[in-house]
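Dumped protein05.txt below, it's compact mmCIF, C-alpha atoms:
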# COMPACT_ATOMS: atom_id res chain seq x y z
CA MET A 1 113.23 142.16 153.55
CA LEU A 2 115.45 140.09 155.81
CA LEU A 3 113.53 141.32 158.86
CA THR A 4 110.10 140.34 157.52
CA ASP A 5 110.76 137.02 155.76
CA PRO A 6 109.32 134.10 157.79
CA VAL A 7 112.03 132.02 159.49
CA GLU A 8 112.22 129.06 161.85
CA GLY A 9 114.32 129.62 164.96
CA PRO A 10 116.47 132.70 165.58
CA ARG A 11 116.71 135.38 162.90
CA LEU A 12 120.37 135.47 161.80
CA LEU A 13 122.00 138.13 159.63
CA LEU A 14 125.37 138.56 157.95
CA LEU A 15 126.73 142.06 158.55
CA ALA A 16 130.29 143.21 157.84
CA GLY A 17 131.36 139.60 157.28
CA ARG A 18 130.13 138.40 160.69
CA SER A 19 127.07 136.51 161.94
CA TRP A 20 124.53 138.27 164.17
CA ARG A 21 121.33 137.22 165.95
CA VAL A 22 118.48 139.74 165.91
CA THR A 23 117.25 140.29 169.47
CA HIS A 24 114.81 143.17 168.97
CA ILE A 25 113.36 145.33 166.19
CA ASP A 26 112.17 148.86 166.90
CA TRP A 27 109.99 149.47 163.87
CA LYS A 28 108.98 152.98 164.92
CA ARG A 29 112.57 154.22 165.17
CA ARG A 30 113.80 151.94 162.35
CA ARG A 31 116.42 150.27 164.52
CA ARG A 32 117.39 146.65 164.96
CA PHE A 33 119.36 145.22 167.87
CA VAL A 34 121.72 142.30 167.39
CA GLU A 35 124.22 140.18 169.29
CA PRO A 36 127.12 138.09 167.91
CA ALA A 37 126.27 134.57 166.70
CA GLU A 38 128.66 131.71 166.08
CA ARG A 39 127.74 131.06 162.43
CA GLY A 40 125.07 131.35 159.78
CA GLY A 41 122.90 134.22 158.69
CA ARG A 42 121.58 135.87 155.56
CA ALA A 43 122.51 138.95 153.59
CA ARG A 44 120.80 140.56 150.64
CA TRP A 45 121.87 143.18 148.19
CA LEU A 46 119.16 144.53 145.93
CA GLY A 47 120.08 144.53 142.24
CA PRO A 48 119.16 147.17 139.67
CA GLY A 49 116.13 145.30 138.39
CA ASP A 50 114.35 142.04 137.61
CA GLY A 51 116.74 139.22 136.83
CA ALA A 52 119.78 141.08 138.21
CA TRP A 53 121.06 137.85 139.81
CA SER A 54 120.63 135.73 136.70
CA PHE A 55 121.96 132.27 135.93
CA GLU A 56 124.80 133.73 133.86
CA LEU A 57 125.85 136.26 136.50
CA THR A 58 125.69 133.78 139.37
CA ARG A 59 127.63 131.16 137.41
CA ALA A 60 130.30 133.77 136.69
CA MET A 61 130.58 134.34 140.44
CA ARG A 62 130.98 130.57 140.91
CA GLU A 63 133.78 130.47 138.33
CA VAL A 64 135.65 133.18 140.22
CA LEU A 65 135.25 131.23 143.47
CA LEU A 66 136.67 128.18 141.68
CA GLY A 67 139.79 130.14 140.70
CA ALA A 68 139.05 132.13 137.55
CA ASP A 69 140.45 135.65 137.73
CA PRO A 70 138.40 138.50 136.21
CA PRO A 71 140.31 140.26 133.38
CA VAL A 72 140.89 143.43 135.38
CA PRO A 73 143.84 144.67 137.46
CA PHE A 74 143.52 144.00 141.22
CA THR A 75 144.70 146.15 144.08
CA ARG A 76 146.56 144.36 146.84
CA ARG A 77 143.54 144.75 149.09
CA ALA A 78 141.16 143.31 146.47
CA ALA A 79 143.44 140.34 145.82
CA GLY A 80 143.64 139.60 149.52
CA ARG A 81 139.89 139.90 149.97
CA LEU A 82 139.22 137.61 147.01
CA ALA A 83 141.51 134.98 148.52
CA VAL A 84 139.52 135.13 151.76
CA VAL A 85 136.19 134.83 149.92
CA ARG A 86 137.43 131.79 148.00
CA GLU A 87 138.65 130.19 151.21
CA ASN A 88 135.26 130.77 152.87
CA HIS A 89 133.44 129.07 149.99
CA LEU A 90 135.60 125.97 149.58
CA ASP A 91 132.82 123.75 150.94
CA VAL A 92 130.06 124.99 148.62
CA VAL A 93 131.58 125.06 145.12
CA HIS A 94 132.93 122.18 143.02
CA PRO A 95 134.01 122.18 139.37
CA GLY A 96 132.23 118.87 138.77
CA GLY A 97 128.69 119.94 139.62
CA THR A 98 126.46 121.29 142.36
CA MET A 99 126.68 120.50 146.08
CA ILE A 100 124.19 119.63 148.81
CA VAL A 101 125.82 120.67 152.07
CA ARG A 102 124.66 119.67 155.57
CA THR A 103 125.88 121.48 158.68
CA GLU A 104 127.68 119.52 161.40
CA ASP A 105 124.70 119.82 163.77
CA LEU A 106 122.36 118.48 161.02
CA THR A 107 120.00 121.45 161.37
CA ASP A 108 120.57 123.00 157.95
CA VAL A 109 120.79 121.47 154.46
CA ARG A 110 121.45 123.68 151.45
CA TRP A 111 121.64 122.89 147.76
CA TRP A 112 124.31 125.19 146.32
CA THR A 113 123.12 125.44 142.74
CA TRP A 114 124.69 128.78 141.79
CA ALA A 115 121.81 129.10 139.34
CA GLY A 116 120.37 132.57 139.97
CA GLU A 117 117.26 133.65 141.84
CA ARG A 118 114.70 132.76 139.20
CA ALA A 119 116.08 129.27 138.61
CA ASN A 120 116.20 128.62 142.35
CA ARG A 121 112.59 129.77 142.72
CA THR A 122 111.65 127.36 139.95
CA LEU A 123 113.52 124.50 141.61
CA THR A 124 111.98 125.26 145.01
CA ALA A 125 108.48 125.09 143.54
CA SER A 126 109.27 121.91 141.63
CA LEU A 127 110.83 120.06 144.58
CA GLY A 128 107.63 120.27 146.63
CA ASP A 129 108.08 119.13 150.22
CA LEU A 130 111.78 118.42 149.68
CA ALA A 131 112.42 122.17 149.83
CA ASP A 132 111.89 124.45 152.82
CA PRO A 133 108.54 126.19 152.14
CA LEU A 134 109.41 129.21 154.33
CA GLN A 135 112.51 130.27 152.44
CA ALA A 136 113.09 133.10 150.04
CA PRO A 137 115.56 131.43 147.62
CA THR A 138 118.84 133.22 146.98
CA ALA A 139 120.85 133.25 143.77
CA ALA A 140 123.40 130.75 145.11
CA TYR A 141 121.44 128.17 147.12
CA LEU A 142 118.10 126.94 148.38
CA ARG A 143 117.32 125.13 151.63
CA LEU A 144 116.17 121.51 151.70
CA ARG A 145 114.59 119.24 154.30
CA THR A 146 117.01 118.28 157.06
CA ASP A 147 116.12 114.55 156.82
CA LEU A 148 117.08 114.36 153.13
CA THR A 149 119.20 111.34 152.12
CA PRO A 150 121.11 110.71 148.86
CA PRO A 151 118.81 107.80 147.85
CA GLY A 152 115.74 109.93 148.59
CA TRP A 153 117.17 112.77 146.54
CA ARG A 154 117.89 110.55 143.53
CA ALA A 155 114.41 109.05 143.62
CA ALA A 156 112.67 112.41 143.93
CA THR A 157 114.65 114.15 141.17
CA ALA A 158 114.96 111.31 138.64
CA ASP A 159 112.43 112.85 136.25
CA LEU A 160 112.08 116.32 137.76
CA GLU A 161 113.36 118.04 134.62
CA SER A 162 110.21 116.90 132.78
CA ARG A 163 107.84 118.27 135.42
CA LEU A 164 109.27 121.63 136.41
CA CYS A 165 106.77 124.03 137.98
CA LEU A 166 106.41 127.79 137.91
CA PRO A 167 107.15 129.55 141.23
CA HIS A 168 104.38 130.25 143.70
CA VAL A 169 103.03 133.80 143.56
CA THR A 170 101.91 135.46 146.79
CA ASP A 171 98.93 137.77 147.13
CA GLU A 172 101.31 140.60 148.00
CA ALA A 173 103.25 140.08 144.79
CA LEU A 174 100.03 140.06 142.75
CA ALA A 175 98.95 143.31 144.38
CA GLY A 176 102.21 144.90 143.27
CA LEU A 177 101.82 143.82 139.65
CA LYS A 178 101.19 146.83 137.44
CA PHE A 179 97.65 146.88 136.02
CA SER A 180 96.80 143.70 137.96
CA THR A 181 93.25 144.96 138.53
CA ALA A 182 92.73 144.92 134.77
CA LEU A 183 93.65 141.22 134.48
CA PRO A 184 91.69 138.09 135.43
CA PRO A 185 93.29 136.66 138.61
CA ARG A 186 94.55 133.50 136.90
CA LEU A 187 96.13 135.45 134.05
CA ALA A 188 97.78 137.86 136.48
CA GLU A 189 99.18 134.95 138.51
CA ALA A 190 100.43 133.14 135.40
CA THR A 191 102.06 136.35 134.11
CA LEU A 192 103.96 136.98 137.33
CA ALA A 193 104.91 133.32 137.83
CA THR A 194 106.40 133.25 134.32
CA ARG A 195 108.44 136.37 135.10
CA LEU A 196 109.77 134.78 138.29
CA ALA A 197 110.80 131.52 136.60
CA ASP A 198 113.86 130.37 134.66
CA LEU A 199 112.95 126.94 133.31
CA PRO A 200 116.01 126.45 131.04
CA ALA A 201 118.46 127.25 133.85
CA ALA A 202 116.60 125.00 136.31
CA ALA A 203 116.71 122.16 133.78
CA ALA A 204 120.43 122.72 133.19
CA VAL A 205 121.13 122.46 136.93
CA LEU A 206 119.18 119.22 137.22
CA ARG A 207 121.36 117.66 134.52
CA GLU A 208 124.52 118.35 136.53
CA PRO A 209 126.02 115.86 139.02
CA VAL A 210 125.22 116.48 142.70
CA ARG A 211 127.64 115.88 145.53
CA PHE A 212 126.56 115.43 149.17
CA THR A 213 128.84 116.65 151.93
CA THR A 214 128.75 117.58 155.61
CA LEU A 215 130.66 120.59 156.92
CA GLY A 216 133.59 119.62 159.07
CA THR A 217 134.07 116.16 157.54

For this file, write the structure as structure tokens.
Amino acid sequence: MLLTDPVEGPRLLLLAGRSWRVTHIDWKRRRRFVEPAERGGRARWLGPGDGAWSFELTRAMREVLLGADPPVPFTRRAAGRLAVVRENHLDVVHPGGTMIVRTEDLTDVRWWTWAGERANRTLTASLGDLADPLQAPTAAYLRLRTDLTPPGWRAATADLESRLCLPHVTDEALAGLKFSTALPPRLAEATLATRLADLPAAAAVLREPVRFTTLGT
């Protein structure tokens, strides 16, 4: 999925905790060639089913990053790894709300909602041209326009909770819907869009305070 999603600029991946730039893909032999990159990249782990990365699960992950310890015994290695993960996410979690984080070079702006995949798909559709149309939203964040300003954000989202939209459904997704040929196209699209959405979680995120920050400042 990470090798076929549309991207702007170099295709960056996160593998083994490091950033890599994809230089070549040999589809026939199922091989990809990469070289080290300074920062950035995407990773994806497929869950067991629809809604695996829900609002509740993703918010639980956020709480752990903010310092909550799961009620299980930790090995020394696990405790050390958790400390590193928390350190690496200091700039994208805050107990007082969500964060919009801009990179130092101003080429990437992400809204760290920690809302789950379906809520982030709902927010992406509802934000219109404020959100990057080429992205596949993750459970933790979604990408925004690089020229976004705090006043522009406040003006655009002032009443967004009252006009939330269902996520866009691609033709490929419709083709994969079971029994789609037995449904009128509009009903099939509405059915799948409803499955992909989480309106209550998206509304809950919009009611939270938002903090703007730039990495390195």

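Residues lying within 8 Å of region 125-140 of chain A, counting only C-alpha atoms and ignoring same-chain neighbours fewer than 4 positions away, are A:Asp5, A:Pro6, A:Val7, A:Trp53, A:Ser54, A:Phe55, A:Thr58, A:Trp112, A:Thr113, A:Trp114, A:Ala115, A:Gly116, A:Glu117, A:Arg118, A:Asn120, A:Arg121, A:Leu144, A:Arg145, A:Leu148, A:Ala156, A:Thr157, A:Leu160, A:Arg163, A:Leu164, A:Cys165, A:Leu166, A:Pro167, A:His168.
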
>> I need every residue sitting at most 10 Å from the point (126.3, 119.5, 150.8) (coordinates as in the file, only C-alpha atoms considered), written as a ChimeraX atom specification.
In response: /A:91-93,98-103,108-112,210-215

> Could you pull the residues within 9 Å of Ala83 (chain A), counting all atoms listed in the file, minus those fewer than 5 positions along the same chain, as a ChimeraX atom specification?
Replying inline: /A:65,78,88

>> Please determine, counting all atoms listed in the file, which residue among A:Val72, A:Ala37, A:Leu142, A:Val169 has the shortest atom-to-atom distance to Gly17 (chain A).
In response: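 With all atoms listed in the file as the atom set, the closest residue is A:Ala37.
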
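Distance-wise, CA of Arg207 (chain A) and CA of Thr122 (chain A) end up 14.8 Å apart.
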
>> Just checking: using only C-alpha atoms, which residue out of A:Ala204, A:Leu106, A:Ala16, A:Leu90 ends up closest to Asp147 (chain A)?
In response: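 Of A:Ala204, A:Leu106, A:Ala16, A:Leu90, the one nearest Asp147 (chain A) is A:Leu106, counting only C-alpha atoms.
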
> For the atom pair CA of Glu87 (chain A) and CA of Leu66 (chain A), what is the interatomic distance in Å to one decimal place?
Replying inline: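 Computed distance, CA of Glu87 (chain A) to CA of Leu66 (chain A), equals 9.9 Å.
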
> What is the CA of Asp198 (chain A) to CA of Ala119 (chain A) distance in Å?
Replying inline: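 Atom-to-atom, CA of Asp198 (chain A) and CA of Ala119 (chain A) are spaced 4.7 Å apart.
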
> Could you name the residues that touch Ala68 (chain A) at 12 Å or less, counting all atoms listed in the file, but leaving out those on the same chain fewer than 2 positions away, as a PyMOL selection string?
Replying inline: chain A and resi 59-66+70-72+82-83+86+95

> Given the choices A:Thr107, A:Thr170, A:Thr23, A:Thr4, which gets closest to Arg143 (chain A) if the distance is worked out from all atoms listed in the file?
Replying inline: A:Thr107
